[in-house]
Amino acid sequence: MIHNKKDFLSSFPVNILSLLISISFILCISINESQAKPHEWIGVPKSEYGEQLWDKKSIKRNEDGSVRVISKFIPKNKSEITQDILYTMDINCFEKSFRDVDVNSSQENNLADWRFPNEDKLILGVIGQVCDVEK
């Protein structure tokens, strides 16, 4: 505890230096974490509705053998209603089916039912490319 003005003034530079070092350390950690895993977006052939990209660095094998990947849909015509949509999807490479686990980080479709792409060229492209990488 500081008892007089002289003690306060003599400890002030040390306290400021400690504070600046702490702030620098915290900033370095947060910068490194944000740069630790940049996306590596890979596009599939475009369709009349827009384009679909998937992140090669996000591929992860699930316990059930399916593959989890982050993908991004970019609509051909953007408006306030139709913005880029980020999906976390599971892909069953054997059945060529998928399920959306997370849409725009809302987790509203957590472990939804498996679906088939039904001739959706964008989803077929993602499934094909991701399953080729995972072979």
# chains A, B, ... in the order shown; residues from 1 in each chain; ligands from 1
$ residues_around --residues "Glu48 (chain A)" --least-positions-apart "4" --cutoff "12 Å" --atoms "only C-alpha atoms" --output "compact mmCIF listing (two decimals) with N, CA and C atoms, in the first residue's frame"
# COMPACT_ATOMS: atom_id res chain seq x y z
N GLN A 52 -20.84 -21.44 -54.63
CA GLN A 52 -20.63 -22.11 -53.36
C GLN A 52 -19.13 -22.34 -53.21
N ILE A 74 -22.75 -17.78 -51.93
CA ILE A 74 -22.78 -16.38 -52.34
C ILE A 74 -23.84 -16.24 -53.43
N PRO A 75 -25.00 -15.65 -53.10
CA PRO A 75 -26.07 -15.54 -54.09
C PRO A 75 -25.67 -14.67 -55.27
N LYS A 76 -26.22 -14.99 -56.43
CA LYS A 76 -25.92 -14.23 -57.65
C LYS A 76 -26.36 -12.78 -57.50
N ASN A 77 -27.55 -12.59 -56.96
CA ASN A 77 -28.08 -11.24 -56.75
C ASN A 77 -28.17 -10.98 -55.25
N ASP A 120 -28.94 -30.42 -57.00
CA ASP A 120 -28.41 -29.09 -56.70
C ASP A 120 -26.92 -29.10 -57.06
N LYS A 121 -26.56 -28.42 -58.16
CA LYS A 121 -25.20 -28.47 -58.66
C LYS A 121 -24.17 -27.96 -57.66
N LEU A 122 -24.56 -26.96 -56.86
CA LEU A 122 -23.62 -26.41 -55.90
C LEU A 122 -23.31 -27.41 -54.78
$ residues_around --residues "region 82-94 of chain A" --least-positions-apart "6" --cutoff "8 Å" --atoms "only C-alpha atoms" --output "list in words"
Gly65, Ser66, Val67, Arg68, Val69, Ile70, Ser71, Lys72, Phe73, Ile74, Pro75, Asp100, Val101, Asp102, Val103, Asn104, Ser105, Ile127 and Cys131 of chain A
$ closest_residue --among "A:Asp55, A:Gly50, A:Glu134, A:Ala112" --to "Pro38 (chain A)" --atoms "only C-alpha atoms"
A:Asp55
$ closest_residue --among "A:Lys135, A:Lys78, A:Phe116, A:Glu95" --to "Glu51 (chain A)" --atoms "only C-alpha atoms"
A:Lys78
$ select_by_dssp --residues "region 45-90 of chain A" --states "strand (DSSP E or B)" --output "PDB file with C-alpha atoms, in the first residue's frame"
ATOM      1  CA  SER A  47     -24.949 -22.156 -60.928  1.00  0.00           C
ATOM      2  CA  GLY A  50     -24.774 -18.067 -57.335  1.00  0.00           C
ATOM      3  CA  GLU A  51     -21.632 -19.768 -56.167  1.00  0.00           C
ATOM      4  CA  GLN A  52     -20.628 -22.106 -53.355  1.00  0.00           C
ATOM      5  CA  LEU A  53     -17.206 -22.208 -51.706  1.00  0.00           C
ATOM      6  CA  TRP A  54     -15.855 -24.629 -49.114  1.00  0.00           C
ATOM      7  CA  ASP A  55     -12.956 -24.188 -46.721  1.00  0.00           C
ATOM      8  CA  LYS A  60     -12.679 -32.655 -40.064  1.00  0.00           C
ATOM      9  CA  ARG A  61     -13.572 -36.355 -39.842  1.00  0.00           C
ATOM     10  CA  VAL A  67     -16.859 -35.290 -42.931  1.00  0.00           C
ATOM     11  CA  ARG A  68     -17.554 -31.838 -41.475  1.00  0.00           C
ATOM     12  CA  VAL A  69     -16.711 -28.751 -43.528  1.00  0.00           C
ATOM     13  CA  ILE A  70     -17.522 -25.040 -43.577  1.00  0.00           C
ATOM     14  CA  SER A  71     -19.035 -23.773 -46.803  1.00  0.00           C
ATOM     15  CA  LYS A  72     -20.228 -20.397 -48.017  1.00  0.00           C
ATOM     16  CA  PHE A  73     -23.057 -19.647 -50.444  1.00  0.00           C
ATOM     17  CA  ILE A  74     -22.782 -16.377 -52.342  1.00  0.00           C
ATOM     18  CA  PRO A  75     -26.075 -15.544 -54.089  1.00  0.00           C
ATOM     19  CA  ILE A  85     -24.564 -17.589 -45.969  1.00  0.00           C
ATOM     20  CA  LEU A  86     -22.050 -19.645 -43.989  1.00  0.00           C
ATOM     21  CA  TYR A  87     -22.863 -23.304 -43.406  1.00  0.00           C
ATOM     22  CA  THR A  88     -21.245 -25.971 -41.319  1.00  0.00           C
ATOM     23  CA  MET A  89     -22.247 -29.179 -43.009  1.00  0.00           C
ATOM     24  CA  ASP A  90     -21.650 -32.867 -42.511  1.00  0.00           C
TER      25      ASP A  90
END
$ closest_residue --among "A:Ile123, A:Lys56, A:Arg99, A:Pro117" --to "Ile42 (chain A)" --atoms "only C-alpha atoms"
A:Lys56
